[in-house]
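> Got model_32.txt for you, compact mmCIF, C-alpha atoms and all ligand atoms:
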```
# COMPACT_ATOMS: atom_id res chain seq x y z
CA MET X 132 -3.90 6.79 -2.26
CA HIS X 133 -7.58 7.73 -1.84
CA LEU X 134 -7.36 9.99 -4.91
CA GLY X 135 -10.40 12.27 -4.86
CA SER X 136 -10.08 12.91 -1.12
CA LYS X 137 -8.62 16.28 -0.17
CA HIS X 138 -6.27 14.51 2.24
CA SER X 139 -4.62 12.40 -0.47
CA ARG X 140 -0.90 13.22 -0.79
CA ALA X 141 -0.81 13.13 -4.58
CA GLU X 142 2.31 15.27 -5.03
CA GLU X 143 4.37 13.19 -2.63
CA PHE X 144 3.19 10.01 -4.35
CA LEU X 145 4.07 11.39 -7.78
CA ALA X 146 7.61 12.13 -6.58
CA PHE X 147 7.89 8.55 -5.27
CA LEU X 148 6.51 7.14 -8.52
CA ARG X 149 9.07 9.04 -10.59
CA GLU X 150 11.98 7.39 -8.75
CA PHE X 151 11.31 3.98 -10.29
CA GLN X 152 10.99 2.23 -13.62
CA PRO X 153 9.43 -1.04 -12.43
CA ASP X 154 8.59 -4.21 -14.36
CA SER X 155 5.26 -4.26 -12.58
CA LEU X 156 3.33 -1.93 -10.35
CA TYR X 157 0.56 -3.00 -7.99
CA LEU X 158 -1.97 -0.46 -6.72
CA VAL X 159 -3.17 -2.18 -3.56
CA GLY X 160 -6.75 -0.89 -3.35
CA ASP X 161 -8.48 2.37 -2.41
CA PHE X 162 -6.46 4.05 -5.12
CA ILE X 163 -9.48 6.15 -6.07
CA ASP X 164 -11.85 7.14 -3.27
CA GLY X 165 -15.33 6.59 -4.70
CA TRP X 166 -16.89 7.35 -1.27
CA LYS X 167 -15.93 11.00 -1.82
CA ILE X 168 -17.78 11.44 -5.12
CA ASN X 169 -20.93 12.65 -3.33
CA THR X 170 -19.31 14.26 -0.32
CA GLY X 171 -16.44 16.51 -1.34
CA TRP X 172 -14.62 15.31 -4.44
CA HIS X 173 -11.18 16.89 -4.68
CA TRP X 174 -9.20 16.22 -7.85
CA SER X 175 -5.97 18.21 -8.23
CA ASN X 176 -3.56 18.57 -11.15
CA ALA X 177 -1.24 16.15 -9.37
CA CYS X 178 -4.00 13.51 -9.59
CA ASP X 179 -4.13 14.00 -13.38
CA GLU X 180 -0.35 13.79 -13.51
CA ILE X 181 -0.39 10.49 -11.60
CA ILE X 182 -2.84 8.96 -14.10
CA ALA X 183 -0.77 10.31 -17.03
CA HIS X 184 2.40 8.89 -15.45
CA LEU X 185 0.77 5.46 -14.99
CA ILE X 186 -0.33 5.41 -18.64
CA ARG X 187 3.19 6.40 -19.70
CA LEU X 188 4.69 3.61 -17.56
CA ALA X 189 2.29 1.12 -19.15
CA GLN X 190 3.29 2.30 -22.62
CA GLN X 191 6.94 1.77 -21.66
CA GLY X 192 6.24 -1.82 -20.64
CA THR X 193 5.28 -1.75 -16.93
CA ALA X 194 2.44 -4.15 -16.13
CA ILE X 195 -0.03 -2.25 -13.95
CA ARG X 196 -2.18 -4.39 -11.66
CA TYR X 197 -4.97 -2.64 -9.84
CA VAL X 198 -6.43 -4.35 -6.80
CA ALA X 199 -9.94 -3.13 -5.96
CA GLY X 200 -10.55 -1.96 -2.38
CA ASN X 201 -13.61 -0.97 -0.36
CA HIS X 202 -13.39 2.68 -1.46
CA ASP X 203 -13.14 1.71 -5.13
CA ALA X 204 -15.38 -1.35 -4.97
CA PHE X 205 -17.12 -0.12 -8.16
CA LEU X 206 -14.18 -1.80 -9.93
CA ARG X 207 -15.42 -5.14 -8.63
CA ASN X 208 -18.29 -4.82 -11.07
CA PRO X 209 -17.19 -6.78 -14.19
CA ALA X 210 -19.19 -4.61 -16.60
CA PHE X 211 -17.68 -1.39 -15.24
CA ARG X 212 -14.26 -2.96 -15.33
CA ALA X 213 -14.56 -4.08 -18.94
CA GLY X 214 -15.63 -0.58 -19.97
CA CYS X 215 -12.74 1.15 -18.17
CA LEU X 216 -10.02 -1.22 -19.18
CA ALA X 217 -10.87 -1.34 -22.86
CA THR X 218 -9.11 2.03 -23.13
CA LEU X 219 -6.11 1.10 -20.96
CA PRO X 220 -3.92 -1.70 -22.30
CA ARG X 221 -1.51 -3.35 -19.82
CA PHE X 222 -3.84 -2.51 -16.92
CA GLU X 223 -5.42 -5.43 -15.07
CA VAL X 224 -7.97 -5.22 -12.28
CA ALA X 225 -8.77 -8.00 -9.78
CA ASN X 226 -9.50 -8.60 -6.10
CA GLU X 227 -6.17 -10.34 -5.69
CA PHE X 228 -3.00 -11.18 -7.55
CA VAL X 229 -0.13 -13.55 -6.84
CA LEU X 230 3.29 -11.92 -7.16
CA GLU X 231 6.31 -14.15 -7.67
CA THR X 232 9.57 -12.52 -6.58
CA SER X 233 12.83 -12.93 -8.51
CA ALA X 234 13.78 -15.78 -6.13
CA GLY X 235 10.43 -17.51 -6.61
CA TRP X 236 8.77 -16.51 -3.33
CA LYS X 237 5.04 -16.03 -3.71
CA PHE X 238 3.02 -13.20 -2.19
CA LEU X 239 -0.72 -12.83 -2.29
CA ILE X 240 -1.57 -9.19 -2.99
CA THR X 241 -5.00 -8.03 -1.91
CA HIS X 242 -6.44 -4.88 -0.35
CA GLY X 243 -7.66 -6.57 2.84
CA ASP X 244 -11.19 -5.25 3.37
CA LEU X 245 -12.64 -8.65 2.44
CA PHE X 246 -10.96 -9.97 5.60
CA ASP X 247 -12.07 -7.14 7.89
CA CYS X 248 -15.23 -8.22 9.69
CA VAL X 249 -16.09 -4.61 10.65
CA GLU X 250 -16.07 -3.66 6.98
CA LEU X 251 -18.08 -6.73 5.99
CA ASN X 252 -20.68 -6.76 8.78
CA ALA X 253 -20.94 -3.19 10.03
CA GLN X 254 -20.17 -0.86 7.15
CA TRP X 255 -22.11 1.93 8.93
CA LEU X 256 -19.43 1.80 11.63
CA SER X 257 -16.68 1.88 9.04
CA LYS X 258 -18.30 4.83 7.19
CA GLY X 259 -18.99 6.68 10.47
CA SER X 260 -15.42 6.33 11.66
CA THR X 261 -14.15 7.41 8.22
CA ALA X 262 -16.15 10.66 8.57
CA LEU X 263 -14.76 11.28 12.08
CA TYR X 264 -11.28 10.52 10.88
CA ASP X 265 -11.68 13.09 8.06
CA VAL X 266 -12.57 15.72 10.66
CA CYS X 267 -9.46 14.76 12.60
CA LEU X 268 -7.33 15.08 9.46
CA SER X 269 -8.73 18.57 8.78
CA LEU X 270 -8.14 19.74 12.37
CA ASN X 271 -4.66 18.39 12.19
CA ARG X 272 -3.95 20.14 8.92
CA TRP X 273 -4.99 23.48 10.49
CA TYR X 274 -2.88 22.85 13.54
CA HIS X 275 0.06 22.06 11.30
CA LYS X 276 -0.48 25.19 9.19
CA ILE X 277 -0.72 27.47 12.23
CA TRP X 278 2.41 26.13 13.88
CA GLN X 279 4.32 25.66 10.61
CA HIS X 280 5.79 22.31 11.55
CA ARG X 281 7.01 21.77 8.03
CA ASP X 282 9.41 18.91 8.68
CA CYS X 283 7.16 16.62 10.64
CA ASN X 284 4.25 14.56 9.47
CA PRO X 285 1.23 16.89 9.28
CA HIS X 286 -1.01 13.96 10.09
CA GLY X 287 1.10 12.45 12.86
CA GLN X 288 -1.56 12.65 15.57
CA CYS X 289 -4.19 11.21 13.23
CA ALA X 290 -1.85 8.36 12.40
CA VAL X 291 -1.62 7.57 16.12
CA LEU X 292 -5.41 7.68 16.50
CA LYS X 293 -5.98 5.58 13.41
CA ASP X 294 -3.29 3.16 14.51
CA ARG X 295 -5.14 2.60 17.80
CA VAL X 296 -8.49 2.07 16.08
CA LYS X 297 -7.00 -0.19 13.46
CA ARG X 298 -5.12 -2.18 16.09
CA TRP X 299 -8.44 -2.76 17.76
CA ILE X 300 -9.94 -3.88 14.43
CA ARG X 301 -6.98 -6.17 13.90
CA PHE X 302 -7.51 -7.57 17.35
CA VAL X 303 -11.24 -8.20 17.03
CA SER X 304 -11.21 -9.43 13.46
CA GLY X 305 -7.97 -11.43 13.43
CA PHE X 306 -7.27 -9.48 10.23
CA GLU X 307 -3.66 -10.56 9.72
CA ASN X 308 -4.24 -14.20 10.57
CA LYS X 309 -7.21 -14.47 8.22
CA LEU X 310 -5.19 -12.94 5.41
CA LEU X 311 -2.20 -15.20 6.05
CA HIS X 312 -4.44 -18.24 6.22
CA HIS X 313 -6.00 -17.31 2.88
CA ALA X 314 -2.54 -16.74 1.36
CA LYS X 315 -1.38 -20.14 2.57
CA GLU X 316 -4.35 -21.78 0.87
CA GLN X 317 -3.14 -20.22 -2.41
CA ASP X 318 0.34 -21.72 -1.86
CA CYS X 319 1.83 -18.31 -1.03
CA ASP X 320 4.64 -17.49 1.41
CA GLY X 321 3.20 -14.19 2.50
CA VAL X 322 0.70 -11.46 1.97
CA ILE X 323 0.95 -7.84 0.81
CA CYS X 324 -2.08 -5.76 1.72
CA GLY X 325 -3.18 -2.24 2.62
CA HIS X 326 -6.54 -1.16 4.05
CA ILE X 327 -5.59 -0.51 7.68
CA HIS X 328 -3.07 2.25 6.84
CA THR X 329 -0.40 0.74 9.09
CA PRO X 330 2.81 0.21 7.09
CA ASP X 331 4.74 -2.79 8.32
CA ILE X 332 6.73 -5.90 7.53
CA VAL X 333 6.16 -8.68 10.05
CA THR X 334 8.07 -11.93 9.84
CA GLY X 335 7.20 -15.25 11.41
CA ASP X 336 8.83 -18.63 11.03
CA SER X 337 6.56 -19.61 8.16
CA MET X 338 4.88 -16.55 6.60
CA TRP X 339 5.52 -12.85 5.91
CA TYR X 340 2.96 -10.09 6.39
CA CYS X 341 3.56 -6.80 4.57
CA ASN X 342 1.33 -3.76 4.72
CA THR X 343 2.05 -1.04 2.16
CA GLY X 344 0.61 1.72 4.41
CA ASP X 345 -0.92 4.73 2.66
CA TRP X 346 -0.42 8.10 0.99
CA ILE X 347 -2.54 10.09 3.43
CA GLU X 348 -0.66 10.08 6.73
CA ASN X 349 2.32 7.79 6.27
CA CYS X 350 3.49 8.18 2.65
CA THR X 351 4.85 4.65 2.29
CA GLY X 352 5.34 2.12 -0.49
CA LEU X 353 6.79 -1.36 -0.77
CA VAL X 354 9.49 -2.11 -3.36
CA GLU X 355 11.07 -5.38 -4.47
CA ARG X 356 14.64 -4.49 -5.33
CA HIS X 357 16.84 -6.22 -7.88
CA ASP X 358 18.98 -7.62 -5.05
CA GLY X 359 15.96 -9.54 -3.75
CA GLN X 360 15.19 -7.33 -0.75
CA LEU X 361 11.75 -6.09 0.08
CA HIS X 362 12.11 -2.41 0.94
CA LEU X 363 9.39 -0.50 2.74
CA VAL X 364 10.01 3.16 1.88
CA ARG X 365 8.74 5.39 4.72
CA ARG X 366 8.78 9.17 4.50
CA TYR X 367 8.55 9.87 8.22
CA ASP X 368 10.41 6.90 9.63
CA GLU X 369 13.42 4.73 8.86
CA ASP X 370 12.95 2.43 5.89
CA LEU X 371 12.51 -1.29 6.58
CA PHE X 372 14.29 -4.05 4.69
CA LEU X 373 13.60 -7.77 4.49
CA ARG X 374 16.22 -9.88 2.75
CA LEU X 375 14.40 -12.86 1.28
CA PRO X 376 16.44 -16.09 0.92
CA SER X 377 17.87 -16.42 -2.58
CA GLN X 378 15.83 -19.51 -3.33
CA ARG X 379 12.29 -20.46 -2.44
CA GLY X 380 12.06 -23.32 0.03
CA PRO X 381 10.68 -24.18 3.46
CA LEU X 382 11.46 -21.50 6.05
CA ARG X 383 13.10 -22.77 9.18
CA GLN X 384 13.88 -19.62 11.02
CA GLU X 385 12.57 -16.12 11.30
CA ILE X 386 14.44 -13.59 9.15
CA PRO X 387 14.98 -10.25 10.91
CA VAL X 388 13.49 -7.08 9.45
CA LYS X 389 16.21 -4.42 9.42
CA LYS X 390 15.81 -0.70 9.76
CA ALA X 391 17.92 1.55 7.55
CA THR X 392 20.08 2.47 10.53
CA SER X 393 20.76 -1.15 11.43
CA LEU X 394 21.96 -2.09 7.94
CA ASP X 395 25.72 -2.42 7.70
CA GLU X 396 27.54 -0.26 5.18
CA ARG X 397 27.76 -2.96 2.52
CA GLU X 398 24.04 -3.64 2.72
CA LEU X 399 23.33 0.06 2.64
CA VAL X 400 25.24 0.41 -0.62
CA ALA X 401 23.28 -2.51 -2.07
CA ALA X 402 20.02 -1.10 -0.82
CA SER X 403 20.57 2.32 -2.28
CA ALA X 404 22.37 1.34 -5.49
CA GLY X 405 20.43 2.70 -8.42
CA THR X 406 16.76 3.39 -8.29
CA ALA X 407 15.62 0.45 -10.37
CA SER X 408 13.17 -2.02 -8.98
CA ARG X 409 11.43 -5.10 -10.27
CA VAL X 410 8.13 -4.48 -8.63
CA TYR X 411 6.50 -2.10 -6.31
CA ALA X 412 3.24 -1.80 -4.52
CA ALA X 413 1.50 1.28 -3.20
MN MN F 501 -9.73 0.11 2.58
```
Just dump the structure as structure tokens.


Amino acid sequence: MHLGSKHSRAEEFLAFLREFQPDSLYLVGDFIDGWKINTGWHWSNACDEIIAHLIRLAQQGTAIRYVAGNHDAFLRNPAFRAGCLATLPRFEVANEFVLETSAGWKFLITHGDLFDCVELNAQWLSKGSTALYDVCLSLNRWYHKIWQHRDCNPHGQCAVLKDRVKRWIRFVSGFENKLLHHAKEQDCDGVICGHIHTPDIVTGDSMWYCNTGDWIENCTGLVERHDGQLHLVRRYDEDLFLRLPSQRGPLRQEIPVKKATSLDERELVAASAGTASRVYAA
């Protein structure tokens, strides 16, 4: 989300949030952008409404699990955490959680920066590229305003640029493999992360990699539906669906990830029936 950054799409996220009444909600890191506190803090009414909505969800029984990221690493400080959470019952904060789906599949949920060697070893590079990226987002916003392209993603070009940079980071740091390896050590079948702002579901013959994306350029969130499907909701692209086997066990073959357009009609009805979800992650 990067709440506090002027590029955060708080209103869009609030609309997404209001579509669900989940059993649990995972905020997969960088929910609040602490890096912006000194350099252009931007807190809109929609940001307040998001916090109020989360508190309301918690009061209605949703377990809210907040994963700390590199932009909200202040939450990794136990003293700070204890102070914040004393006022918020049903909120938990940690570096990682294990989510068990309705069929018993286990996913490690973590932000991902702890597996990004650029972030760990060269934070100056990470901070420098974040500043450049912010300039790109601003230029793009102006371009979008001038040409009034209301229907398309105002940050489309930035998403392409970021995608390239992040692909490079993935390549040099082995980001996905490190995460999957760590998840396997925790007896998990897959990982759900964020950090690189590239929404995706990738299947292999033994593990699943899910990236929830972001609410800056992509406006995406991952939902576990009551019918056992993982559903990646994407505002500017077709949604992705992964039908997990109905019982946990050893995987023998790769399960295809389907786009909304490739779902047959019966599946489409199941996928869109109701708005309820067990769990979702943003
Ligand atoms: Mn991050």

> Hey, can you check how far CA of Thr392 in chain X sits from CA of Arg374 in chain X?

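Between CA of Thr392 in chain X and CA of Arg374 in chain X the gap is 15.1 Å.
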
> Please identify all protein, DNA and RNA residues within 12 Å of ligand MN 501 (chain F), counting all atoms listed in the file, and report them as JSON, numbers by chain.

{"X": [132, 133, 159, 160, 161, 162, 163, 164, 165, 166, 198, 199, 200, 201, 202, 203, 204, 241, 242, 243, 244, 245, 246, 247, 249, 250, 251, 254, 257, 258, 261, 297, 324, 325, 326, 327, 328, 329, 342, 343, 344, 345]}

> Counting all atoms listed in the file, which residue out of X:Glu223, X:Glu150, X:Asp368, X:Glu231 sits closest to Glu348 in chain X?

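Checking each candidate against Glu348 in chain X, we get X:Asp368 as the closest.
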
> I need the residue nearest Ser155 in chain X from this list: X:Asn208, X:Asn226, X:Thr232, X:Gln378. Use all atoms listed in the file for the distance.

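Once distances to Ser155 in chain X are computed over all atoms listed in the file, the minimum belongs to X:Thr232.
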
> With a distance cut-off of 12 Å and all atoms listed in the file, select the neighbouring residues of Cys178 in chain X, excluding the residue or stretch itself and same-chain residues fewer than 6 positions from it, and output the selection as a list in words.

Met132, His133, Leu134, Gly135, Ser136, Lys137, Ser139, Arg140, Ala141, Glu142, Glu143, Phe144, Leu145, Phe162, Ile163, Asp164, Trp172, His184 and Leu185 of chain X

> Using all atoms of range 362-371 of chain X that appear in the file, construct an axis-aligned enclosing box with 6 Å of padding on every side and provide its centre coordinates and edge lengths in Å, rounded to one decimal, as AutoDock Vina command-line options.


```
--center_x 11.0 --center_y 3.7 --center_z 5.3 --size_x 16.9 --size_y 24.3 --size_z 20.7
```

> In Å, how far is it from CA of Gly192 in chain X to CA of Arg221 in chain X?

7.9 Å

> Please identify all polymer residues within 9 Å of His138 in chain X, counting only C-alpha atoms, omitting same-chain residues fewer than 6 positions from it, and present them as a PyMOL selection string.

chain X and resi 173+265+268-269+346-348

> Go ahead and compute the interatomic distance for CA of Glu316 in chain X and CA of Ala210 in chain X, in Å to one decimal.

28.6 Å

> Given all atoms listed in the file as the basis, pick out the residue of X:Asp154, X:Glu385, X:Asp370, X:Asp358 nearest to Thr334 in chain X.

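Once distances to Thr334 in chain X are computed over all atoms listed in the file, the minimum belongs to X:Glu385.
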
> Could you name the residues that touch Val364 in chain X at 8 Å or less, counting only C-alpha atoms, but leaving out those on the same chain fewer than 2 positions away, as number ranges by chain?

X: 351-354, 362, 366, 369-371

> For Met338 in chain X, please output as a list in words all residues within 8 Å (counting all atoms listed in the file; exclusion window: fewer than 6 positions along the same chain).

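Counting all atoms listed in the file, the residues come to Leu311, Asp320 and Gly321 of chain X.
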
> Would you export the selected residues with C-alpha atoms as a PDB file, keeping the file's coordinate frame, please?


```pdb
ATOM      1  CA  LEU X 311      -2.200 -15.200   6.050  1.00  0.00           C
ATOM      2  CA  ASP X 320       4.640 -17.490   1.410  1.00  0.00           C
ATOM      3  CA  GLY X 321       3.200 -14.190   2.500  1.00  0.00           C
TER       4      GLY X 321
END
```

> Measuring between all atoms listed in the file, which one of X:Pro220, X:Gly305, X:Gly380, X:Pro330 shows the shortest distance to Cys248 in chain X?

X:Gly305

> Please list as a PyMOL selection string every residue within 6 Å of Leu361 in chain X, counting only C-alpha atoms and excluding residues in the same chain fewer than 5 positions away.

chain X and resi 354-355+372-373

> Here is a test: counting only C-alpha atoms, which residue of X:Ala217, X:Ala234, X:Leu270, X:Ile186 is nearest to Arg356 in chain X?

X:Ala234

> Save range 318-336 of chain X of the structure in the block above to a file, with C-alpha atoms included, as a PDB file, in the first residue's frame.


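Ended up saving to decode_4.pdb:
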```pdb
ATOM      1  CA  ASP X 318       7.158 -27.304   5.841  1.00  0.00           C
ATOM      2  CA  CYS X 319       5.174 -24.998   3.550  1.00  0.00           C
ATOM      3  CA  ASP X 320       3.877 -25.708   0.037  1.00  0.00           C
ATOM      4  CA  GLY X 321       4.358 -22.198  -1.223  1.00  0.00           C
ATOM      5  CA  VAL X 322       5.081 -18.600  -0.476  1.00  0.00           C
ATOM      6  CA  ILE X 323       2.999 -15.415  -0.589  1.00  0.00           C
ATOM      7  CA  CYS X 324       5.083 -12.255  -0.698  1.00  0.00           C
ATOM      8  CA  GLY X 325       5.129  -8.689  -2.001  1.00  0.00           C
ATOM      9  CA  HIS X 326       8.097  -6.310  -2.125  1.00  0.00           C
ATOM     10  CA  ILE X 327       8.932  -6.415  -5.839  1.00  0.00           C
ATOM     11  CA  HIS X 328       5.530  -5.036  -6.944  1.00  0.00           C
ATOM     12  CA  THR X 329       5.090  -7.739  -9.587  1.00  0.00           C
ATOM     13  CA  PRO X 330       1.755  -9.525  -9.047  1.00  0.00           C
ATOM     14  CA  ASP X 331       1.935 -13.151 -10.086  1.00  0.00           C
ATOM     15  CA  ILE X 332       1.090 -16.756  -9.363  1.00  0.00           C
ATOM     16  CA  VAL X 333       3.804 -19.145 -10.526  1.00  0.00           C
ATOM     17  CA  THR X 334       3.374 -22.888 -10.239  1.00  0.00           C
ATOM     18  CA  GLY X 335       6.038 -25.550 -10.298  1.00  0.00           C
ATOM     19  CA  ASP X 336       5.782 -29.273  -9.713  1.00  0.00           C
TER      20      ASP X 336
END
```
